[in-house]
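Reproduced below: model03.txt, with compact mmCIF, C-alpha atoms and all ligand atoms.
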```
# COMPACT_ATOMS: atom_id res chain seq x y z
CA MET A 1 0.00 0.00 0.00
CA THR A 2 1.37 3.47 -0.82
CA ARG A 3 1.26 5.66 2.24
CA PRO A 4 0.10 9.26 1.99
CA THR A 5 2.76 11.94 2.14
CA PHE A 6 2.62 15.15 4.15
CA ASP A 7 4.43 18.04 2.49
CA PRO A 8 4.93 20.98 4.87
CA ALA A 9 5.74 23.22 1.90
CA ALA A 10 2.56 22.41 -0.09
CA PRO A 11 0.23 25.35 -0.80
CA GLU A 12 -2.74 23.60 0.87
CA VAL A 13 -0.73 23.39 4.10
CA ALA A 14 -0.25 27.14 4.16
CA ALA A 15 -3.89 27.70 3.17
CA ASP A 16 -5.53 25.16 5.49
CA LEU A 17 -3.11 23.45 7.85
CA TYR A 18 -5.65 21.83 10.16
CA GLY A 19 -7.93 20.71 7.31
CA THR A 20 -4.93 19.02 5.71
CA TYR A 21 -4.05 17.32 9.00
CA ALA A 22 -7.65 16.14 9.45
CA ARG A 23 -7.72 14.46 6.04
CA LEU A 24 -4.32 12.87 6.59
CA ARG A 25 -5.11 11.73 10.15
CA GLU A 26 -8.24 9.93 8.99
CA ALA A 27 -6.38 8.36 6.05
CA THR A 28 -3.43 7.06 8.09
CA PRO A 29 -1.81 7.05 11.54
CA ILE A 30 1.61 7.30 9.88
CA ALA A 31 2.56 9.20 6.75
CA HIS A 32 5.74 9.98 4.86
CA LEU A 33 7.24 13.41 5.38
CA ALA A 34 7.99 14.90 1.97
CA GLY A 35 11.57 15.77 1.13
CA GLU A 36 12.99 13.91 4.13
CA ALA A 37 13.66 10.28 4.94
CA CYS A 38 11.24 10.54 7.85
CA TRP A 39 7.88 9.10 8.91
CA MET A 40 5.23 11.25 10.60
CA LEU A 41 2.73 10.22 13.29
CA THR A 42 -0.65 11.92 13.02
CA ARG A 43 -2.70 10.67 16.01
CA HIS A 44 -2.68 11.73 19.67
CA ALA A 45 -2.13 8.28 21.23
CA ASP A 46 0.88 7.53 19.00
CA VAL A 47 2.52 10.95 19.41
CA HIS A 48 1.97 10.76 23.19
CA ALA A 49 3.53 7.26 23.30
CA ALA A 50 6.44 8.15 21.02
CA TRP A 51 7.50 11.00 23.31
CA ARG A 52 7.92 8.52 26.15
CA ASP A 53 9.40 5.68 24.07
CA ARG A 54 13.03 5.17 25.10
CA ARG A 55 13.68 3.11 21.95
CA LEU A 56 13.54 6.50 20.22
CA GLY A 57 16.09 9.26 20.77
CA SER A 58 16.87 12.88 19.98
CA ASP A 59 20.35 11.74 18.92
CA PHE A 60 21.81 8.45 17.69
CA SER A 61 25.56 9.01 18.02
CA HIS A 62 25.70 7.35 21.48
CA ARG A 63 24.34 4.14 19.91
CA PHE A 64 25.67 3.89 16.35
CA ALA A 65 27.69 5.73 13.72
CA ALA A 66 25.88 7.82 11.12
CA ASP A 67 26.93 5.63 8.19
CA GLU A 68 26.13 2.37 10.01
CA PHE A 69 22.32 2.48 9.85
CA THR A 70 21.30 5.89 8.73
CA ARG A 71 20.52 6.95 5.20
CA PRO A 72 22.48 10.14 4.42
CA GLU A 73 19.29 11.92 3.36
CA ALA A 74 17.80 11.20 6.83
CA LEU A 75 20.47 13.21 8.64
CA GLU A 76 19.54 16.57 10.13
CA PRO A 77 20.73 19.39 7.85
CA TRP A 78 23.11 20.73 10.48
CA ARG A 79 25.18 17.53 10.30
CA ASP A 80 26.30 18.69 6.82
CA PRO A 81 30.02 19.65 7.02
CA ARG A 82 29.13 23.03 5.53
CA TYR A 83 27.59 24.00 8.90
CA PRO A 84 30.34 23.40 11.49
CA HIS A 85 29.24 26.14 13.91
CA PHE A 86 25.75 24.75 14.10
CA ALA A 87 27.10 21.25 14.74
CA ALA A 88 29.29 22.56 17.58
CA TYR A 89 26.24 24.26 19.11
CA ALA A 90 24.05 21.16 18.66
CA ARG A 91 26.58 18.98 20.52
CA TRP A 92 25.41 20.56 23.80
CA ASP A 93 21.90 21.59 22.78
CA LEU A 94 19.63 19.99 25.42
CA LEU A 95 16.99 19.24 22.82
CA ALA A 96 19.44 17.22 20.71
CA MET A 97 21.05 15.27 23.56
CA GLU A 98 20.47 11.87 25.14
CA PRO A 99 21.24 10.41 28.59
CA PRO A 100 23.55 10.38 30.43
CA ASP A 101 24.79 13.80 29.15
CA HIS A 102 21.24 15.09 28.82
CA THR A 103 20.24 14.03 32.34
CA LYS A 104 23.16 15.85 33.96
CA LEU A 105 22.81 19.07 32.03
CA ARG A 106 19.02 19.16 32.35
CA ARG A 107 19.16 18.62 36.12
CA LEU A 108 21.39 21.61 36.41
CA VAL A 109 19.37 23.92 34.21
CA SER A 110 16.15 22.82 35.96
CA LEU A 111 17.46 24.43 39.14
CA ALA A 112 16.82 27.80 37.52
CA PHE A 113 13.17 26.95 36.79
CA THR A 114 11.83 26.12 40.23
CA PRO A 115 8.19 27.10 40.85
CA ARG A 116 9.45 29.87 43.14
CA THR A 117 11.83 31.37 40.56
CA VAL A 118 9.11 31.30 37.93
CA GLU A 119 6.41 32.76 40.19
CA ALA A 120 8.79 35.58 41.10
CA LEU A 121 8.70 36.61 37.43
CA ARG A 122 4.94 37.31 37.49
CA ALA A 123 5.28 40.93 38.68
CA PRO A 124 8.12 41.79 36.24
CA ALA A 125 6.07 40.18 33.43
CA ARG A 126 3.02 42.26 34.31
CA ALA A 127 5.20 45.39 34.41
CA LEU A 128 6.55 44.64 30.92
CA VAL A 129 3.02 44.10 29.57
CA ASP A 130 1.67 47.29 31.18
CA ALA A 131 4.61 49.31 29.84
CA ALA A 132 4.05 47.91 26.32
CA VAL A 133 0.33 48.74 26.38
CA ALA A 134 1.03 52.24 27.76
CA ARG A 135 3.59 52.93 24.99
CA ALA A 136 1.07 51.97 22.29
CA ALA A 137 -2.00 53.64 23.83
CA ALA A 138 -1.56 57.03 22.17
CA ARG A 139 -1.57 55.42 18.71
CA GLY A 140 -4.80 53.53 19.38
CA GLN A 141 -3.33 50.24 18.24
CA LEU A 142 -0.92 47.63 19.46
CA ASP A 143 1.11 45.06 17.54
CA VAL A 144 0.68 41.95 19.71
CA VAL A 145 3.88 40.39 18.35
CA GLN A 146 6.42 43.18 18.06
CA GLU A 147 5.18 45.58 20.72
CA LEU A 148 3.86 43.18 23.33
CA ALA A 149 4.79 39.48 23.18
CA GLU A 150 8.38 39.96 22.01
CA PRO A 151 9.37 42.56 24.61
CA LEU A 152 7.66 40.40 27.25
CA SER A 153 9.22 37.00 26.50
CA LEU A 154 12.58 38.34 25.40
CA GLY A 155 12.72 40.70 28.39
CA ILE A 156 11.96 37.91 30.86
CA ILE A 157 14.37 35.30 29.49
CA CYS A 158 17.16 37.87 29.03
CA THR A 159 16.68 39.09 32.61
CA LEU A 160 16.73 35.54 33.93
CA ILE A 161 19.96 34.75 32.10
CA GLY A 162 21.57 38.14 32.55
CA VAL A 163 21.65 39.67 29.06
CA PRO A 164 21.83 43.48 29.27
CA THR A 165 18.95 45.43 27.69
CA GLU A 166 21.10 46.95 24.95
CA ARG A 167 21.77 43.47 23.54
CA HIS A 168 18.15 42.22 23.42
CA ALA A 169 17.62 43.30 19.79
CA GLU A 170 20.75 41.41 18.76
CA VAL A 171 19.51 38.27 20.53
CA LEU A 172 16.21 38.54 18.68
CA ARG A 173 17.84 38.95 15.28
CA LEU A 174 20.31 36.10 15.80
CA SER A 175 17.66 33.81 17.23
CA HIS A 176 15.38 34.26 14.19
CA ALA A 177 18.35 33.54 11.92
CA VAL A 178 19.44 30.41 13.84
CA VAL A 179 16.02 28.75 13.98
CA GLN A 180 15.77 28.81 10.18
CA MET A 181 17.77 25.57 10.35
CA TYR A 182 14.70 23.80 11.80
CA GLU A 183 12.37 24.68 8.91
CA PRO A 184 11.87 21.59 6.74
CA ALA A 185 11.95 23.60 3.49
CA ALA A 186 14.92 25.84 4.38
CA THR A 187 17.17 26.69 1.43
CA ASP A 188 20.95 26.24 1.49
CA GLY A 189 21.20 30.03 1.78
CA GLN A 190 19.02 30.07 4.90
CA ARG A 191 21.00 27.21 6.43
CA ALA A 192 24.26 29.05 5.76
CA GLU A 193 22.73 32.13 7.43
CA ALA A 194 21.74 29.99 10.42
CA ASP A 195 25.28 28.65 10.70
CA ALA A 196 26.78 32.14 10.51
CA ALA A 197 24.27 33.36 13.12
CA VAL A 198 25.32 30.58 15.50
CA ARG A 199 28.88 31.80 15.17
CA GLU A 200 27.89 35.40 15.94
CA PHE A 201 25.64 34.27 18.80
CA SER A 202 28.54 32.27 20.34
CA VAL A 203 30.69 35.41 20.30
CA LEU A 204 27.93 37.35 22.06
CA VAL A 205 27.63 34.64 24.73
CA ALA A 206 31.43 34.45 25.12
CA GLU A 207 31.43 38.19 25.87
CA LEU A 208 28.70 37.71 28.47
CA ILE A 209 30.66 34.83 30.05
CA ALA A 210 33.81 36.97 30.24
CA ALA A 211 31.82 39.80 31.86
CA ARG A 212 30.32 37.43 34.48
CA ARG A 213 33.68 35.88 35.29
CA ALA A 214 34.98 39.39 35.96
CA ALA A 215 31.90 40.46 37.94
CA PRO A 216 29.49 37.72 39.07
CA GLN A 217 25.79 38.65 39.31
CA ASP A 218 22.64 37.09 40.69
CA ASP A 219 21.61 35.51 37.38
CA LEU A 220 21.46 32.17 35.59
CA LEU A 221 24.69 32.72 33.65
CA THR A 222 26.68 33.21 36.85
CA GLY A 223 24.90 30.11 38.22
CA LEU A 224 26.00 28.04 35.22
CA LEU A 225 29.60 29.26 35.58
CA ASP A 226 29.61 28.21 39.26
CA ALA A 227 27.71 24.95 38.79
CA MET A 228 29.39 21.62 39.40
CA VAL A 229 28.30 18.38 37.73
CA ASP A 230 29.95 15.23 39.12
CA ALA A 231 32.60 17.41 40.74
CA GLU A 232 33.42 19.10 37.43
CA ARG A 233 32.55 22.53 36.12
CA LEU A 234 30.64 22.91 32.86
CA THR A 235 32.87 23.71 29.88
CA ASP A 236 32.48 26.99 28.00
CA ALA A 237 31.05 25.02 25.05
CA GLN A 238 28.37 23.50 27.30
CA ILE A 239 27.51 26.86 28.84
CA THR A 240 27.40 28.59 25.44
CA SER A 241 24.98 26.05 23.94
CA THR A 242 22.80 26.07 27.05
CA VAL A 243 22.54 29.84 27.14
CA MET A 244 21.75 29.95 23.42
CA VAL A 245 19.08 27.27 23.66
CA LEU A 246 17.43 29.03 26.59
CA LEU A 247 17.52 32.40 24.87
CA MET A 248 15.91 30.94 21.74
CA ALA A 249 13.47 28.49 23.33
CA GLY A 250 12.63 31.17 25.87
CA HIS A 251 10.90 33.42 23.41
CA GLU A 252 10.38 31.94 19.90
CA ALA A 253 7.51 29.63 20.89
CA SER A 254 5.96 31.84 23.59
CA VAL A 255 5.68 34.83 21.25
CA ASN A 256 3.98 32.74 18.58
CA ALA A 257 1.67 31.13 21.15
CA ALA A 258 0.59 34.56 22.38
CA ALA A 259 -0.15 35.77 18.86
CA ASN A 260 -2.01 32.56 17.95
CA GLY A 261 -4.06 32.91 21.13
CA ILE A 262 -5.02 36.53 20.55
CA ALA A 263 -5.88 35.77 16.91
CA ALA A 264 -8.06 32.85 18.11
CA PHE A 265 -9.93 35.10 20.55
CA ALA A 266 -10.42 37.77 17.88
CA ALA A 267 -12.06 35.13 15.69
CA HIS A 268 -14.22 33.87 18.60
CA PRO A 269 -15.76 36.91 20.36
CA ALA A 270 -18.02 34.80 22.60
CA GLU A 271 -14.95 33.09 24.07
CA TRP A 272 -13.35 36.49 24.74
CA GLU A 273 -16.55 37.56 26.46
CA ALA A 274 -16.54 34.37 28.60
CA LEU A 275 -12.96 35.06 29.64
CA ARG A 276 -13.66 38.72 30.48
CA ALA A 277 -16.75 37.80 32.45
CA GLY A 278 -14.65 35.43 34.57
CA ALA A 279 -16.75 32.46 33.44
CA VAL A 280 -13.53 30.60 32.57
CA PRO A 281 -10.23 30.99 34.42
CA VAL A 282 -7.38 32.40 32.36
CA ASP A 283 -5.23 29.32 33.04
CA ALA A 284 -7.83 27.08 31.38
CA ALA A 285 -7.95 29.42 28.39
CA ILE A 286 -4.17 29.17 27.99
CA GLU A 287 -4.37 25.36 27.70
CA GLU A 288 -6.96 25.68 24.93
CA ILE A 289 -4.84 28.26 23.09
CA LEU A 290 -1.90 25.86 23.21
CA ARG A 291 -4.01 22.88 22.09
CA TRP A 292 -5.89 24.62 19.33
CA ASP A 293 -3.03 26.33 17.49
CA PRO A 294 0.37 25.23 18.82
CA PRO A 295 3.38 27.41 17.99
CA LEU A 296 5.67 24.42 17.33
CA GLN A 297 4.34 21.84 14.93
CA LEU A 298 6.71 18.89 14.66
CA PHE A 299 9.61 17.22 16.49
CA ARG A 300 11.69 14.31 15.22
CA ARG A 301 13.18 11.26 16.87
CA TRP A 302 15.73 8.64 15.79
CA VAL A 303 14.81 4.97 15.95
CA LEU A 304 17.56 3.47 18.13
CA GLU A 305 16.49 -0.19 18.20
CA GLU A 306 15.05 -2.86 15.95
CA GLY A 307 11.41 -3.86 16.26
CA VAL A 308 9.85 -0.41 16.64
CA THR A 309 6.32 -0.38 15.20
CA TYR A 310 3.94 2.58 14.94
CA GLY A 311 0.64 2.64 13.09
CA GLY A 312 1.27 -0.91 11.87
CA VAL A 313 4.58 0.02 10.22
CA GLU A 314 7.87 -1.39 11.47
CA ILE A 315 10.41 1.39 11.30
CA PRO A 316 14.02 0.23 10.94
CA ARG A 317 16.79 1.29 13.30
CA GLY A 318 18.50 4.44 12.04
CA GLU A 319 15.36 5.97 10.49
CA ARG A 320 13.44 8.94 11.85
CA ILE A 321 9.89 9.52 13.09
CA GLY A 322 8.17 12.91 13.22
CA LEU A 323 5.79 13.62 16.11
CA CYS A 324 3.17 15.99 14.75
CA ILE A 325 1.81 18.14 17.57
CA GLY A 326 -0.63 20.14 15.44
CA SER A 327 -2.33 17.01 14.16
CA ALA A 328 -2.31 15.14 17.50
CA ASN A 329 -3.91 18.12 19.30
CA ARG A 330 -6.89 17.99 16.93
CA ASP A 331 -7.43 14.23 17.02
CA PRO A 332 -11.15 13.43 17.44
CA ARG A 333 -10.12 10.14 19.10
CA ARG A 334 -8.88 12.25 22.02
CA TYR A 335 -10.99 15.46 21.95
CA ASP A 336 -14.66 16.09 21.56
CA ALA A 337 -15.23 18.45 18.57
CA PRO A 338 -11.48 19.13 18.31
CA GLU A 339 -11.80 21.83 15.63
CA VAL A 340 -13.83 24.02 18.00
CA PHE A 341 -11.95 26.66 20.05
CA ARG A 342 -13.61 26.32 23.47
CA ILE A 343 -11.67 27.75 26.40
CA ALA A 344 -13.80 26.03 29.05
CA ARG A 345 -12.34 22.76 27.80
CA GLY A 346 -9.13 23.58 29.75
CA GLU A 347 -7.49 20.30 28.72
CA PRO A 348 -3.82 20.12 29.74
CA SER A 349 -3.51 16.86 27.77
CA HIS A 350 -2.40 18.67 24.60
CA LEU A 351 1.08 17.78 23.39
CA SER A 352 2.34 21.30 22.73
CA PHE A 353 5.07 21.03 25.38
CA GLY A 354 6.15 17.55 24.29
CA GLY A 355 6.60 14.73 26.81
CA GLY A 356 9.05 12.33 28.41
CA ILE A 357 12.61 13.32 29.27
CA HIS A 358 12.63 16.35 26.95
CA PHE A 359 9.32 17.78 28.23
CA CYS A 360 9.55 21.56 27.91
CA LEU A 361 11.64 22.91 30.72
CA GLY A 362 10.13 26.36 30.30
CA ALA A 363 6.47 25.25 30.34
CA PRO A 364 5.67 26.90 33.71
CA LEU A 365 7.32 30.13 32.54
CA ALA A 366 5.54 30.02 29.16
CA ARG A 367 2.18 29.46 30.89
CA LEU A 368 2.84 32.35 33.28
CA GLU A 369 3.79 34.77 30.49
CA LEU A 370 0.75 33.81 28.42
CA ALA A 371 -1.59 34.14 31.40
CA VAL A 372 -0.23 37.59 32.28
CA LEU A 373 -0.48 38.84 28.69
CA VAL A 374 -3.99 37.50 28.04
CA ALA A 375 -5.33 38.66 31.43
CA ALA A 376 -3.96 42.18 30.92
CA LEU A 377 -5.57 42.50 27.48
CA ALA A 378 -8.84 41.04 28.80
CA GLU A 379 -8.94 43.75 31.49
CA ARG A 380 -8.18 46.46 28.94
CA LEU A 381 -10.20 45.44 25.86
CA PRO A 382 -13.97 44.83 26.02
CA THR A 383 -13.81 43.71 22.40
CA LEU A 384 -10.79 42.31 20.67
CA VAL A 385 -10.48 43.55 17.11
CA THR A 386 -7.57 42.73 14.83
CA LEU A 387 -6.65 45.48 12.37
CA PRO A 388 -5.45 45.15 8.78
CA GLY A 389 -1.74 44.39 8.55
CA ALA A 390 -1.51 41.00 10.21
CA VAL A 391 1.35 38.99 8.71
CA ARG A 392 1.69 35.26 9.23
CA ARG A 393 5.16 33.93 9.92
CA ALA A 394 6.53 32.11 6.86
CA GLY A 395 7.42 28.44 7.14
CA PHE A 396 5.90 25.47 8.91
CA GLN A 397 7.74 24.54 12.10
CA PHE A 398 7.14 27.86 13.87
CA ARG A 399 3.48 28.75 13.51
CA GLY A 400 2.52 32.28 14.38
CA TYR A 401 2.66 35.86 13.16
CA THR A 402 5.40 38.39 12.56
CA SER A 403 2.86 41.16 13.06
CA LEU A 404 -0.64 41.18 14.59
CA PRO A 405 -2.11 44.65 15.18
CA VAL A 406 -5.15 45.00 17.45
CA ALA A 407 -7.25 48.07 18.22
CA LEU A 408 -6.47 49.79 21.52
CA PRO A 409 -9.37 52.18 22.08
C1 LIG B 1 4.44 28.30 24.45
C2 LIG B 1 5.73 28.22 24.58
C3 LIG B 1 6.56 26.97 24.45
C4 LIG B 1 6.29 25.81 23.77
C5 LIG B 1 5.04 25.46 22.96
C6 LIG B 1 7.43 24.94 23.97
C7 LIG B 1 7.52 23.65 23.46
C8 LIG B 1 8.56 22.77 23.71
C9 LIG B 1 8.62 21.40 23.25
C10 LIG B 1 7.58 20.71 22.38
C11 LIG B 1 9.78 20.86 23.72
C12 LIG B 1 10.25 19.41 23.52
C13 LIG B 1 11.08 19.23 22.28
C14 LIG B 1 11.46 17.79 22.04
O1 LIG B 1 10.91 16.88 22.66
O2 LIG B 1 12.32 17.53 21.17
C15 LIG B 1 10.46 21.89 24.47
C16 LIG B 1 11.68 21.73 25.08
C17 LIG B 1 12.33 22.75 25.72
N1 LIG B 1 11.84 24.01 26.01
FE1 LIG B 1 10.07 24.75 25.48
N2 LIG B 1 8.35 25.59 24.74
C18 LIG B 1 7.86 26.83 25.06
C19 LIG B 1 8.47 27.79 25.85
C20 LIG B 1 9.67 27.64 26.45
C21 LIG B 1 10.29 28.62 27.30
C22 LIG B 1 9.68 29.96 27.73
C23 LIG B 1 11.50 28.12 27.65
C24 LIG B 1 12.50 28.79 28.55
C25 LIG B 1 13.24 29.01 29.07
C26 LIG B 1 11.66 26.82 27.05
C27 LIG B 1 12.74 25.98 27.17
C28 LIG B 1 12.82 24.70 26.70
C29 LIG B 1 13.99 23.85 26.86
C30 LIG B 1 15.28 24.22 27.55
C31 LIG B 1 13.67 22.63 26.25
C32 LIG B 1 14.59 21.40 26.14
C33 LIG B 1 14.32 20.43 27.24
C34 LIG B 1 15.09 19.15 27.06
O3 LIG B 1 15.48 18.80 25.96
O4 LIG B 1 15.30 18.48 28.09
N3 LIG B 1 10.51 26.56 26.33
N4 LIG B 1 9.69 23.05 24.45
```
Could you render the structure as structure tokens?
Amino acid sequence: MTRPTFDPAAPEVAADLYGTYARLREATPIAHLAGEACWMLTRHADVHAAWRDRRLGSDFSHRFAADEFTRPEALEPWRDPRYPHFAAYARWDLLAMEPPDHTKLRRLVSLAFTPRTVEALRAPARALVDAAVARAAARGQLDVVQELAEPLSLGIICTLIGVPTERHAEVLRLSHAVVQMYEPAATDGQRAEADAAVREFSVLVAELIAARRAAPQDDLLTGLLDAMVDAERLTDAQITSTVMVLLMAGHEASVNAAANGIAAFAAHPAEWEALRAGAVPVDAAIEEILRWDPPLQLFRRWVLEEGVTYGGVEIPRGERIGLCIGSANRDPRRYDAPEVFRIARGEPSHLSFGGGIHFCLGAPLARLELAVLVAALAERLPTLVTLPGAVRRAGFQFRGYTSLPVALP
């Protein structure tokens, strides 16, 4: 039987992503991913299980050599020798690591994300949101992405790590350039840009490290410099990758989630009214925003062992499986009327933060930022009206907007 193929670059995906998923999900639990030697899981139960399946991994190099089992076209683009800076970064990128290295590094970074540390960011987050709204008030409109969500998420993660304000814009620019590597349809030019941006980003982080060594502060970077794992300090390469991953993960997805959420409310005025009336708690609404239109669509795993079967297909060792969040979150086998945006649903069972050992380390922080942003706008705006000029972010992996103006009467 020929299996259906999902092509993230196809015009119907840009025009109707969730309709395309729905048709594919009903046709098959497992599809081919176009342009890559990779399978893709479409249903909630499979994606949920795959995240916890230790026969799958975010890396393979601890188990076998690339040319032993893996087809060259299955390799991640950054393993291409043309992108050495990206490969050096990925060596200590938490998302691309496996135990035991992953366990050690993650334990250490988790120390910075205790419930207390995160809760302490609520007041600074509210202050950033209020300042953004106040700045835009005179113009009668507010760009939810550029004027609100970006300053909020970037401001919080940069403060946590210890990046001075004058370098925030640079972090934003470099981060957007680096994450191009994760887009399935990226061109060689975009990948080369991503590699060059990693290089520039590493220099920025090296300068921050030098500054902290000279004058320690009460921030995460100083904490990483002091931290000991198994009686050893982290290397500069480990610290650099960790800081970069936190700076990027700390805002790219949250900003898109905020924009997707506000766009969803603008298209569903009765839900906005229910939120404003206090009929549904803001925390429940955040879960529905994340389920209904997740900012990150797809993560991939390597098959590390023989005998792995999903959707009736045995996938050989050394091949890859894609875990499609956007499709899983709309699976009617898991959710009643999944295409309906209904904030009272408040289902935390969505897969937008992943699962298993790589479950999003920043999930509590992301939830807090989203709750603060949505609550502040709900207090301020009796009706939520988007204005002309909204621009969707190009690409597939990061789903959101680059600009989303709303009226601020
Ligand atoms: C709405 C916002 C966010 C979404 C949807 C999201 C989603 C995800 C997902 C799906 C993963 C798992 C990737 C995988 O399994 O390969 C992940 C991992 C991660 N996220 Fe988030 N994230 C968000 C915000 C944040 C924030 C604010 C931070 C902040 C500091 C953060 C830091 C991380 C880190 C460090 C990892 C890697 C964890 C590991 O590999 O052990 N994320 N995120």
Exercise. Could you tell me which of A:His32, A:Arg71, A:Arg122, A:Arg52 comes closest to ligand LIG 1 (chain B) if we count all atoms listed in the file?
Key: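 Closest candidate: A:Arg52.
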Practice problem: Enumerate residues in contact with ligand LIG 1 (chain B): an atom-to-atom distance of at most 6 Å, counting all atoms listed in the file. Format the result as a list in words. | Solution: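 Using all atoms listed in the file, everything at most 6 Å from ligand LIG 1 (chain B) comes to Leu94, Leu95, Arg106, Leu246, Ala249, Gly250, His251, Ala253, Ser254, Ala257, Pro295, Leu296, Phe299, Ser352, Phe353, Gly354, Ile357, His358, Phe359, Cys360, Leu361, Gly362, Ala363, Leu365 and Ala366 of chain A.
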Each residue of stretch 36-73 of chain A with at least one atom at most 12 Å from stretch 341-351 of chain A should appear once, together with its nearest atom pair and the corresponding distance in Å (one decimal); atoms considered: all atoms listed in the file; ordering: chain, then increasing residue number; output as JSON lines.
```
{"residue": "A:Arg43", "atom": "CA", "partner": "A:Leu351", "partner_atom": "CA", "distance": 10.9}
{"residue": "A:His44", "atom": "CA", "partner": "A:Leu351", "partner_atom": "CA", "distance": 8.0}
{"residue": "A:Ala45", "atom": "CA", "partner": "A:Leu351", "partner_atom": "CA", "distance": 10.3}
{"residue": "A:Asp46", "atom": "CA", "partner": "A:Leu351", "partner_atom": "CA", "distance": 11.2}
{"residue": "A:Val47", "atom": "CA", "partner": "A:Leu351", "partner_atom": "CA", "distance": 8.0}
{"residue": "A:His48", "atom": "CA", "partner": "A:Leu351", "partner_atom": "CA", "distance": 7.1}
{"residue": "A:Ala49", "atom": "CA", "partner": "A:Leu351", "partner_atom": "CA", "distance": 10.8}
{"residue": "A:Ala50", "atom": "CA", "partner": "A:Leu351", "partner_atom": "CA", "distance": 11.3}
{"residue": "A:Trp51", "atom": "CA", "partner": "A:Leu351", "partner_atom": "CA", "distance": 9.3}
{"residue": "A:Arg52", "atom": "CA", "partner": "A:Leu351", "partner_atom": "CA", "distance": 11.8}
```
Quiz item: Any idea what's packed within 12 Å of A:Leu234, counting all atoms listed in the file, ignoring anything in its chain fewer than 5 positions away? Could you give it as a VMD selection string?
Solution: chain A and resid 92 101 104 to 105 108 to 109 221 to 229 239 to 242
Pull C-alpha atoms from the residues just selected and write them as a PDB file, in the frame of the given file.
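Below is the file again12.pdb, written as the result:
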```
ATOM      1  CA  TRP A  92      25.410  20.560  23.800  1.00  0.00           C
ATOM      2  CA  ASP A 101      24.790  13.800  29.150  1.00  0.00           C
ATOM      3  CA  LYS A 104      23.160  15.850  33.960  1.00  0.00           C
ATOM      4  CA  LEU A 105      22.810  19.070  32.030  1.00  0.00           C
ATOM      5  CA  LEU A 108      21.390  21.610  36.410  1.00  0.00           C
ATOM      6  CA  VAL A 109      19.370  23.920  34.210  1.00  0.00           C
ATOM      7  CA  LEU A 221      24.690  32.720  33.650  1.00  0.00           C
ATOM      8  CA  THR A 222      26.680  33.210  36.850  1.00  0.00           C
ATOM      9  CA  GLY A 223      24.900  30.110  38.220  1.00  0.00           C
ATOM     10  CA  LEU A 224      26.000  28.040  35.220  1.00  0.00           C
ATOM     11  CA  LEU A 225      29.600  29.260  35.580  1.00  0.00           C
ATOM     12  CA  ASP A 226      29.610  28.210  39.260  1.00  0.00           C
ATOM     13  CA  ALA A 227      27.710  24.950  38.790  1.00  0.00           C
ATOM     14  CA  MET A 228      29.390  21.620  39.400  1.00  0.00           C
ATOM     15  CA  VAL A 229      28.300  18.380  37.730  1.00  0.00           C
ATOM     16  CA  ILE A 239      27.510  26.860  28.840  1.00  0.00           C
ATOM     17  CA  THR A 240      27.400  28.590  25.440  1.00  0.00           C
ATOM     18  CA  SER A 241      24.980  26.050  23.940  1.00  0.00           C
ATOM     19  CA  THR A 242      22.800  26.070  27.050  1.00  0.00           C
TER      20      THR A 242
END
```
Quiz prompt | Distance of atom CA of A:Thr187 from atom CA of A:Glu98, expressed in Å to one decimal place | solution = 28.2 Å
Quiz item: Can you list, as a list in words, every protein, DNA or RNA residue that comes within 7 Å of A:Gln297 when you count only C-alpha atoms, leaving out same-chain residues fewer than 3 positions away?
Solution: Pro294, Cys324, Ile325, Gly326, Gln397 and Phe398 of chain A
Output as a Markdown table one row per residue of stretch 302-396 of chain A within 12 Å of stretch 56-65 of chain A: the closest atom pair and its distance in Å to one decimal place, counting only C-alpha atoms, sorted by chain and residue number ascending.
```
| residue | atom | partner | partner_atom | distance |
| --- | --- | --- | --- | --- |
| A:Trp302 | CA | A:Gly57 | CA | 5.0 |
| A:Val303 | CA | A:Leu56 | CA | 4.7 |
| A:Leu304 | CA | A:Leu56 | CA | 5.5 |
| A:Glu305 | CA | A:Leu56 | CA | 7.6 |
| A:Glu306 | CA | A:Leu56 | CA | 10.4 |
| A:Gly307 | CA | A:Leu56 | CA | 11.3 |
| A:Val308 | CA | A:Leu56 | CA | 8.6 |
| A:Thr309 | CA | A:Leu56 | CA | 11.2 |
| A:Tyr310 | CA | A:Leu56 | CA | 11.6 |
| A:Ile315 | CA | A:Leu56 | CA | 10.7 |
| A:Pro316 | CA | A:Leu56 | CA | 11.2 |
| A:Arg317 | CA | A:Leu56 | CA | 9.3 |
| A:Gly318 | CA | A:Phe60 | CA | 7.7 |
| A:Glu319 | CA | A:Leu56 | CA | 9.9 |
| A:Arg320 | CA | A:Leu56 | CA | 8.7 |
| A:Ile321 | CA | A:Leu56 | CA | 8.6 |
| A:Gly322 | CA | A:Leu56 | CA | 10.9 |
| A:Leu323 | CA | A:Leu56 | CA | 11.3 |
| A:Gly356 | CA | A:Gly57 | CA | 10.8 |
| A:Ile357 | CA | A:Gly57 | CA | 10.0 |
| A:His358 | CA | A:Ser58 | CA | 8.9 |
```
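Taking all atoms listed in the file into account, A:Ala267 lies nearest to A:Thr383 out of the set A:Thr383, A:Gln146, A:Ser110, A:Gln141.
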Quiz item: Expressed in Å to a single decimal, how great is the separation between atom CA of A:Ala87 and atom CA of A:Glu183?
Solution: 16.2 Å
Quiz item: Taking only C-alpha atoms into account, which of A:Thr159, A:Thr70, A:Gln190, A:Thr5 comes nearest A:Tyr83?
Solution: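 Residue with the minimum atom-to-atom distance to A:Tyr83: A:Gln190.
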Exercise. Check the smallest atom-to-atom distance from each of A:Asp53, A:Asp218, A:Asp188, A:Glu73 to A:Glu36 using all atoms listed in the file, then report the winner.
Key: A:Glu73
